[in-house]
Structure formats: C-alpha cells, structure tokens
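Asks: This is the structure I want to talk about, given as structure tokens.
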Amino acid sequence: MDTELLDLEVPAAPVDIFVGDEPAPVATLRAPARLLEYDWKKFVALPVHTTLEIVEQPQVIEVPGAPYYSAGMMRWQGRWLPVLDLCALLSAYRKAGTPALRHALVVAYQTSPGQAIEHGAIAAASLPQTLQVGDEQQCELPGDSDLWALIASSCFSHAGTAVPIVHTGKLFGTVWD
Amino acid sequence: MSAIHSAPPQRELRGNFVVLRADTLRLLLPQADVGAASYLDQLPQATDLPGVFRRGGAAGEQAVVALSSQMRPLPQYPKDRFLVTPVVTPQGEFGFGWSEVQVLIDARLKPQALPAALAASNGPLKEFVEIEDQVVFCCDAARLADYALASRD
C-alpha cells in the first residue's frame, strides 16, 4: 500500500512559545513628589508625605528681626507657622518689592528622629504640582547656591532643569543666620 | 493621670501694659517702660540723623522716631503717627510716634513663643500675645531701642 505522506502543513512552533508567561521586566520604581515653584521657573520638590495643604493668599504677619528669608508667620489650624521664602534664602537676600504671597505650602518636619512633628510653610509662586519621579532622573544638585548641599537630600532632572528634593527637617530645623 | 502626660501650665503675663501700633506693627511693652502719650500738633522736623526727628514743645525739644512694620526707623515721618510716647532707653529718652496707643490695666495675657525658625538669636522679639485676634509682639524699652536705634540708617 502506498502510503502518501500527507504533506500536512504544520505550523512551525513559535520560538517564543511562552511569550507572556515569563516574568515582566522589572518596572522602574517611581515615587510621587510635590513640585514647588519658589521663584520664576525655579523649582524644588518635596516628598508628598511631608506636604499637607496649600493655602492660597495666606495672611502673613511680618516678624521684626526675623531672618531675612522669613516671610513671617501665618495661622494654620489654631497654631502659628513660620513661612519661609526659599528664593530669599538661596539668593542670600530678599528681593525689594517682593509681592504679596500667592500660595503657601504647609509641610511637616522633624528636626531629628524621635522628635515631635512640627509644621511650617514655604512660599510658592504658583500652585504646587504632583509628579512621578524615577531613579533614572537623578542628577547633580544645581550650582547656584551652596545651601543645596545642606537642605537637599537628592536631585532629579525634570523638563531640562535640576530639581533638588528638599529635606524639610533640615530646612526648618536650622536658623540660617 | 500621669504627670508625664500633663501639659505644662502656660505662662501668664500679669500687670499693666501698653499696646503700641505703628502701621501693622503692634508691640506690647510694660507700662512702666512707657511715659504718658501726647498728641503732635505738627509734624516733627528732620534732623541731621537719618530717621530721627525733632519735636518742639513747652517742655523743650524731644527726639522722635517713627517705626516701620519691621521695627526700623522710617526716613520720613508719617502723618498718621500723631501719638508720641517717651520711652526711656539706655541710649537716652526718645519719643516714638504711633498710630494707636492702648493701655491694658491689670491684664492677664498668655504669651506664645515665636516659631523657632523665626526667632533669630539676635532678634528683638521672642514671644507674642493675641489680643482681639491681633498678633502683638512682646518687647521692652531696652530691646526696642537696641534694635530700632541700632538699625537706623
């Protein structure tokens, strides 16, 4: 009996037959951060867990003799918080004719582990934004102020600029005379 | 209740005080540091010393200073500082011009410490009180004069 091999066209087994079953590539870890504009087109970031509330047009009381980078103090939830002007601190002087504060971001800080949590506020030129930051964005601190190394815990690149991540405990826990 | 968890009693200021207002600046001084207020009948005249003005009167001339909201002498004497109180300072007796003077008799006030980030080591103010929803900074004649007159430029 002749046999005829049936020339069955068997589809070739895919080489990557298990596509979809292998573990997915490790996703880049990203963490949320608050982006705060402290001067025109100049930004810092804060860990979201340290940021509590944005106060629009805060009523700030000037404090005579306070450090030059202090905008004063403002009432928040029954207590008085220091309001810092990062622009003045980083440029080592307060710009003449500084306009009234438009926004203040209330933050929490600890001066050292185990200490009570305290609160302060940072002047903001615009409404703070939230963004996701990945390790691949890490970059060097900007070179425009020696203070960055003292108040920033890291830095990342965003939209072509270096954005330092400010440590609120270092910022508020020091009197920068 | 454990004593560990009880809050320390808040300090109280008791006595006679004067609230002095210059624009948005409000200061609380012991009444003993401040002399009787008098009205200006005309603007004080400038002197050779920037920020120091001269006021004439029946009792003779008096140096007068008007403070900004930052507690610094103003180069021009504002028209609204028509109340002058003498303050005896280590630098001598100066008149300070105010917009408003209020005497508090046998007052009981609860001072609050300034936030640490605002209390510069050489600053003139460490505490404040709240009176009728207004922040009033606690001071005394010596610190007022030391800061205000030293910063005269």
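Residues are referred to by chain and number: the chain letter is A, B, ... according to the order shown in the structure tokens, the number counts from 1 in that chain, and ligands are numbered separately from 1 in the order shown.
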Would you list, as a PyMOL selection string, the residues of segment 89-143 of chain B that end up in strand (DSSP E) under DSSP run on this structure's backbone?
Replies: chain B and resi 89+92-98+100-109+112-113+127-131+134-138
Asks: What would the file look like if the residues just selected were written as a CSV table (one decimal), in the first residue's frame with C-alpha atoms?
Replies:
```
chain,number,residue,atom,x,y,z
B,89,THR,CA,16.2,103.7,76.8
B,92,GLY,CA,18.5,108.2,76.4
B,93,GLU,CA,14.9,109.2,76.2
B,94,PHE,CA,13.3,109.0,72.8
B,95,GLY,CA,9.9,109.8,71.7
B,96,PHE,CA,8.3,107.1,69.5
B,97,GLY,CA,5.4,108.0,67.2
B,98,TRP,CA,2.4,105.7,67.0
B,100,GLU,CA,-2.6,104.0,68.3
B,101,VAL,CA,-1.9,103.6,72.0
B,102,GLN,CA,-3.9,101.3,74.2
B,103,VAL,CA,-3.3,100.8,77.9
B,104,LEU,CA,-4.2,97.5,79.5
B,105,ILE,CA,-4.7,97.6,83.2
B,106,ASP,CA,-4.2,94.5,85.3
B,107,ALA,CA,-4.1,92.4,82.2
B,108,ARG,CA,-3.6,88.7,82.1
B,109,LEU,CA,-2.0,87.6,78.8
B,112,GLN,CA,3.3,82.3,72.9
B,113,ALA,CA,6.9,81.7,71.7
B,127,GLU,CA,7.2,86.0,72.2
B,128,PHE,CA,3.8,87.4,71.2
B,129,VAL,CA,0.3,87.5,72.5
B,130,GLU,CA,-3.0,87.6,70.7
B,131,ILE,CA,-5.3,90.5,71.6
B,134,GLN,CA,-4.3,90.6,66.5
B,135,VAL,CA,-0.7,89.5,66.9
B,136,VAL,CA,1.1,91.8,69.4
B,137,PHE,CA,4.8,91.2,69.9
B,138,CYS,CA,6.2,91.3,73.5
```
Asks: Which residues come within 12 Å of Arg94 of chain A, counting only C-alpha atoms, excluding same-chain residues fewer than 4 positions away, as a PyMOL selection string?
Replies: chain A and resi 39+67-71+84-90+98-99
Asks: What are the residues of chain B lining chain A at 12 Å or less? Count only C-alpha atoms, and put the answer as an mmCIF file with N, CA and C atoms, in the first residue's frame.
Replies:
```cif
data_model
loop_
_atom_site.group_PDB
_atom_site.id
_atom_site.type_symbol
_atom_site.label_atom_id
_atom_site.label_comp_id
_atom_site.auth_asym_id
_atom_site.auth_seq_id
_atom_site.Cartn_x
_atom_site.Cartn_y
_atom_site.Cartn_z
ATOM 1 N N ASP B 23 1.460 101.363 62.022
ATOM 2 C CA ASP B 23 1.037 100.651 60.805
ATOM 3 C C ASP B 23 0.576 99.246 61.200
ATOM 4 N N THR B 24 1.173 98.193 60.645
ATOM 5 C CA THR B 24 0.736 96.838 61.001
ATOM 6 C C THR B 24 1.514 96.270 62.189
ATOM 7 N N LEU B 25 2.499 97.001 62.654
ATOM 8 C CA LEU B 25 3.303 96.531 63.791
ATOM 9 C C LEU B 25 2.580 96.829 65.100
ATOM 10 N N ARG B 26 2.450 95.821 65.922
ATOM 11 C CA ARG B 26 1.868 96.001 67.253
ATOM 12 C C ARG B 26 2.841 95.467 68.283
ATOM 13 N N LEU B 27 3.163 96.328 69.264
ATOM 14 C CA LEU B 27 4.100 95.941 70.309
ATOM 15 C C LEU B 27 3.422 96.027 71.663
ATOM 16 N N LEU B 67 8.514 104.175 63.551
ATOM 17 C CA LEU B 67 8.979 102.854 63.135
ATOM 18 C C LEU B 67 8.175 102.302 61.961
ATOM 19 N N SER B 68 8.857 101.479 61.172
ATOM 20 C CA SER B 68 8.195 100.737 60.099
ATOM 21 C C SER B 68 7.581 99.461 60.685
ATOM 22 N N SER B 69 6.904 98.701 59.856
ATOM 23 C CA SER B 69 6.339 97.437 60.327
ATOM 24 C C SER B 69 7.436 96.434 60.654
ATOM 25 N N GLN B 70 8.666 96.735 60.219
ATOM 26 C CA GLN B 70 9.811 95.888 60.553
ATOM 27 C C GLN B 70 10.603 96.436 61.731
ATOM 28 N N MET B 71 10.007 97.399 62.437
ATOM 29 C CA MET B 71 10.619 97.986 63.638
ATOM 30 C C MET B 71 11.896 98.760 63.335
ATOM 31 N N ARG B 72 11.930 99.339 62.151
ATOM 32 C CA ARG B 72 13.096 100.142 61.800
ATOM 33 C C ARG B 72 12.656 101.589 61.604
ATOM 34 N N GLN B 112 2.955 83.464 73.673
ATOM 35 C CA GLN B 112 3.338 82.292 72.873
ATOM 36 C C GLN B 112 4.730 82.548 72.302
ATOM 37 N N ALA B 113 5.517 81.507 72.289
ATOM 38 C CA ALA B 113 6.866 81.653 71.722
ATOM 39 C C ALA B 113 6.764 81.786 70.206
ATOM 40 N N LEU B 114 7.611 82.609 69.643
ATOM 41 C CA LEU B 114 7.681 82.676 68.184
ATOM 42 C C LEU B 114 8.132 81.317 67.648
ATOM 43 N N PRO B 115 7.677 80.925 66.468
ATOM 44 C CA PRO B 115 8.224 79.696 65.869
ATOM 45 C C PRO B 115 9.754 79.785 65.818
ATOM 46 N N ALA B 116 10.401 78.667 66.156
ATOM 47 C CA ALA B 116 11.867 78.677 66.280
ATOM 48 C C ALA B 116 12.553 79.202 65.023
ATOM 49 N N ALA B 117 11.991 78.910 63.863
ATOM 50 C CA ALA B 117 12.629 79.342 62.615
ATOM 51 C C ALA B 117 12.599 80.853 62.445
ATOM 52 N N LEU B 118 11.775 81.543 63.245
ATOM 53 C CA LEU B 118 11.666 83.000 63.103
ATOM 54 C C LEU B 118 12.416 83.756 64.192
ATOM 55 N N ALA B 119 12.850 83.032 65.207
ATOM 56 C CA ALA B 119 13.472 83.701 66.348
ATOM 57 C C ALA B 119 14.981 83.749 66.147
ATOM 58 N N ALA B 120 15.453 84.752 65.432
ATOM 59 C CA ALA B 120 16.897 84.908 65.229
ATOM 60 C C ALA B 120 17.554 85.151 66.584
ATOM 61 N N SER B 121 18.765 84.647 66.725
ATOM 62 C CA SER B 121 19.431 84.726 68.029
ATOM 63 C C SER B 121 19.580 86.165 68.504
ATOM 64 N N ASN B 122 19.781 87.082 67.563
ATOM 65 C CA ASN B 122 19.965 88.485 67.953
ATOM 66 C C ASN B 122 18.705 89.315 67.690
ATOM 67 N N GLY B 123 17.590 88.631 67.460
ATOM 68 C CA GLY B 123 16.356 89.349 67.185
ATOM 69 C C GLY B 123 15.773 89.980 68.440
ATOM 70 N N PRO B 124 14.960 91.013 68.278
ATOM 71 C CA PRO B 124 14.418 91.709 69.451
ATOM 72 C C PRO B 124 13.188 91.030 70.040
ATOM 73 N N LEU B 125 12.609 90.096 69.329
ATOM 74 C CA LEU B 125 11.328 89.533 69.754
ATOM 75 C C LEU B 125 11.448 88.020 69.948
ATOM 76 N N LYS B 126 10.848 87.551 71.013
ATOM 77 C CA LYS B 126 10.847 86.106 71.284
ATOM 78 C C LYS B 126 9.420 85.571 71.457
ATOM 79 N N GLU B 127 8.509 86.450 71.860
ATOM 80 C CA GLU B 127 7.151 85.998 72.176
ATOM 81 C C GLU B 127 6.133 86.977 71.615
ATOM 82 N N PHE B 128 4.912 86.511 71.573
ATOM 83 C CA PHE B 128 3.808 87.397 71.186
ATOM 84 C C PHE B 128 2.557 86.986 71.934
ATOM 85 N N VAL B 129 1.589 87.866 71.969
ATOM 86 C CA VAL B 129 0.279 87.544 72.537
ATOM 87 C C VAL B 129 -0.758 87.855 71.467
ATOM 88 N N GLU B 130 -1.917 87.282 71.629
ATOM 89 C CA GLU B 130 -3.018 87.594 70.723
ATOM 90 C C GLU B 130 -4.052 88.401 71.501
ATOM 91 N N ASP B 133 -7.736 89.017 68.318
ATOM 92 C CA ASP B 133 -7.347 88.397 67.042
ATOM 93 C C ASP B 133 -6.175 89.096 66.360
ATOM 94 N N GLN B 134 -5.495 89.951 67.075
ATOM 95 C CA GLN B 134 -4.315 90.613 66.503
ATOM 96 C C GLN B 134 -3.066 90.075 67.187
ATOM 97 N N VAL B 135 -2.023 89.917 66.394
ATOM 98 C CA VAL B 135 -0.736 89.495 66.947
ATOM 99 C C VAL B 135 -0.014 90.727 67.493
ATOM 100 N N VAL B 136 0.358 90.659 68.774
ATOM 101 C CA VAL B 136 1.062 91.772 69.425
ATOM 102 C C VAL B 136 2.370 91.205 69.973
ATOM 103 N N PHE B 137 3.478 91.761 69.519
ATOM 104 C CA PHE B 137 4.782 91.231 69.909
ATOM 105 C C PHE B 137 5.211 91.802 71.266
ATOM 106 N N CYS B 138 5.690 90.919 72.125
ATOM 107 C CA CYS B 138 6.152 91.324 73.451
ATOM 108 C C CYS B 138 7.559 91.924 73.330
ATOM 109 N N CYS B 139 7.739 93.050 73.965
ATOM 110 C CA CYS B 139 9.039 93.720 73.877
ATOM 111 C C CYS B 139 9.240 94.507 75.169
ATOM 112 N N ARG B 143 15.071 96.543 74.558
ATOM 113 C CA ARG B 143 15.165 95.785 73.295
ATOM 114 C C ARG B 143 14.631 96.602 72.128
ATOM 115 N N LEU B 144 13.574 97.375 72.400
ATOM 116 C CA LEU B 144 13.026 98.246 71.356
ATOM 117 C C LEU B 144 14.098 99.228 70.887
ATOM 118 N N ASP B 146 17.424 99.102 71.437
ATOM 119 C CA ASP B 146 18.608 98.420 70.896
ATOM 120 C C ASP B 146 18.409 98.078 69.423
ATOM 121 N N TYR B 147 17.240 97.556 69.111
ATOM 122 C CA TYR B 147 17.011 97.100 67.730
ATOM 123 C C TYR B 147 16.694 98.269 66.806
ATOM 124 N N ALA B 148 15.758 99.106 67.236
ATOM 125 C CA ALA B 148 15.298 100.182 66.354
ATOM 126 C C ALA B 148 16.385 101.221 66.114
ATOM 127 N N ALA B 150 19.674 100.881 66.669
ATOM 128 C CA ALA B 150 20.900 100.321 66.076
ATOM 129 C C ALA B 150 20.737 100.140 64.579
ATOM 130 N N SER B 151 19.513 99.923 64.112
ATOM 131 C CA SER B 151 19.306 99.663 62.689
ATOM 132 C C SER B 151 19.046 100.945 61.911
#
```
Asks: Calculate how many Å separate atom CA of Ala141 of chain B from atom CA of Glu12 of chain B, rounding to one decimal.
Replies: 20.0 Å
Asks: Might you pull out every residue within 10 Å of segment 61-64 of chain B, with only C-alpha atoms counted and same-chain residues fewer than 4 positions away left off, and present them as a ChimeraX atom specification?
Replies: /B:44-47,51-57,73,77,84-86,92-97
Asks: Kindly export the residues of the current selection with N, CA and C atoms, as a PDB file, in the first residue's frame.
Replies:
```pdb
ATOM      1  N   PRO B  44       6.964 116.489  63.190  1.00  0.00           N
ATOM      2  CA  PRO B  44       8.328 116.761  63.671  1.00  0.00           C
ATOM      3  C   PRO B  44       9.261 117.096  62.504  1.00  0.00           C
ATOM      4  N   GLN B  45      10.313 117.806  62.812  1.00  0.00           N
ATOM      5  CA  GLN B  45      11.249 118.221  61.760  1.00  0.00           C
ATOM      6  C   GLN B  45      12.415 117.246  61.676  1.00  0.00           C
ATOM      7  N   ALA B  46      12.896 117.088  60.469  1.00  0.00           N
ATOM      8  CA  ALA B  46      14.045 116.203  60.255  1.00  0.00           C
ATOM      9  C   ALA B  46      15.285 116.769  60.944  1.00  0.00           C
ATOM     10  N   THR B  47      16.180 115.887  61.326  1.00  0.00           N
ATOM     11  CA  THR B  47      17.460 116.307  61.905  1.00  0.00           C
ATOM     12  C   THR B  47      18.592 115.784  61.020  1.00  0.00           C
ATOM     13  N   GLY B  51      16.316 109.298  60.159  1.00  0.00           N
ATOM     14  CA  GLY B  51      15.340 108.544  60.944  1.00  0.00           C
ATOM     15  C   GLY B  51      15.029 109.158  62.297  1.00  0.00           C
ATOM     16  N   VAL B  52      15.730 110.239  62.655  1.00  0.00           N
ATOM     17  CA  VAL B  52      15.459 110.914  63.934  1.00  0.00           C
ATOM     18  C   VAL B  52      14.896 112.298  63.630  1.00  0.00           C
ATOM     19  N   PHE B  53      13.791 112.619  64.262  1.00  0.00           N
ATOM     20  CA  PHE B  53      13.109 113.898  64.033  1.00  0.00           C
ATOM     21  C   PHE B  53      13.100 114.694  65.343  1.00  0.00           C
ATOM     22  N   ARG B  54      12.805 115.987  65.200  1.00  0.00           N
ATOM     23  CA  ARG B  54      12.822 116.864  66.376  1.00  0.00           C
ATOM     24  C   ARG B  54      11.439 117.456  66.547  1.00  0.00           C
ATOM     25  N   ARG B  55      10.993 117.368  67.765  1.00  0.00           N
ATOM     26  CA  ARG B  55       9.689 117.905  68.080  1.00  0.00           C
ATOM     27  C   ARG B  55       9.870 118.983  69.140  1.00  0.00           C
ATOM     28  N   GLY B  56       9.293 120.147  68.883  1.00  0.00           N
ATOM     29  CA  GLY B  56       9.371 121.232  69.846  1.00  0.00           C
ATOM     30  C   GLY B  56       8.163 121.211  70.752  1.00  0.00           C
ATOM     31  N   GLY B  57       8.283 121.781  71.909  1.00  0.00           N
ATOM     32  CA  GLY B  57       7.145 121.831  72.825  1.00  0.00           C
ATOM     33  C   GLY B  57       7.474 122.693  74.009  1.00  0.00           C
ATOM     34  N   PRO B  73      13.513 102.529  61.935  1.00  0.00           N
ATOM     35  CA  PRO B  73      13.118 103.943  61.803  1.00  0.00           C
ATOM     36  C   PRO B  73      12.821 104.307  60.350  1.00  0.00           C
ATOM     37  N   TYR B  77       8.671 111.065  58.295  1.00  0.00           N
ATOM     38  CA  TYR B  77       7.740 110.899  59.401  1.00  0.00           C
ATOM     39  C   TYR B  77       6.316 110.800  58.853  1.00  0.00           C
ATOM     40  N   VAL B  84       2.655 110.388  70.469  1.00  0.00           N
ATOM     41  CA  VAL B  84       4.072 110.185  70.814  1.00  0.00           C
ATOM     42  C   VAL B  84       4.170 109.762  72.274  1.00  0.00           C
ATOM     43  N   THR B  85       4.920 108.693  72.497  1.00  0.00           N
ATOM     44  CA  THR B  85       5.176 108.276  73.877  1.00  0.00           C
ATOM     45  C   THR B  85       6.682 108.330  74.124  1.00  0.00           C
ATOM     46  N   PRO B  86       7.084 108.916  75.231  1.00  0.00           N
ATOM     47  CA  PRO B  86       8.510 108.840  75.576  1.00  0.00           C
ATOM     48  C   PRO B  86       8.854 107.450  76.080  1.00  0.00           C
ATOM     49  N   GLY B  92      19.166 106.957  76.026  1.00  0.00           N
ATOM     50  CA  GLY B  92      18.544 108.228  76.372  1.00  0.00           C
ATOM     51  C   GLY B  92      17.045 108.140  76.157  1.00  0.00           C
ATOM     52  N   GLU B  93      16.374 109.262  76.399  1.00  0.00           N
ATOM     53  CA  GLU B  93      14.920 109.231  76.225  1.00  0.00           C
ATOM     54  C   GLU B  93      14.562 109.613  74.798  1.00  0.00           C
ATOM     55  N   PHE B  94      13.794 108.765  74.163  1.00  0.00           N
ATOM     56  CA  PHE B  94      13.339 109.012  72.802  1.00  0.00           C
ATOM     57  C   PHE B  94      11.818 109.032  72.794  1.00  0.00           C
ATOM     58  N   GLY B  95      11.281 109.841  71.903  1.00  0.00           N
ATOM     59  CA  GLY B  95       9.852 109.752  71.660  1.00  0.00           C
ATOM     60  C   GLY B  95       9.628 108.816  70.478  1.00  0.00           C
ATOM     61  N   PHE B  96       8.633 107.990  70.577  1.00  0.00           N
ATOM     62  CA  PHE B  96       8.271 107.113  69.462  1.00  0.00           C
ATOM     63  C   PHE B  96       6.861 107.492  69.007  1.00  0.00           C
ATOM     64  N   GLY B  97       6.717 107.627  67.713  1.00  0.00           N
ATOM     65  CA  GLY B  97       5.423 108.018  67.159  1.00  0.00           C
ATOM     66  C   GLY B  97       4.578 106.801  66.814  1.00  0.00           C
TER      67      GLY B  97
END
```
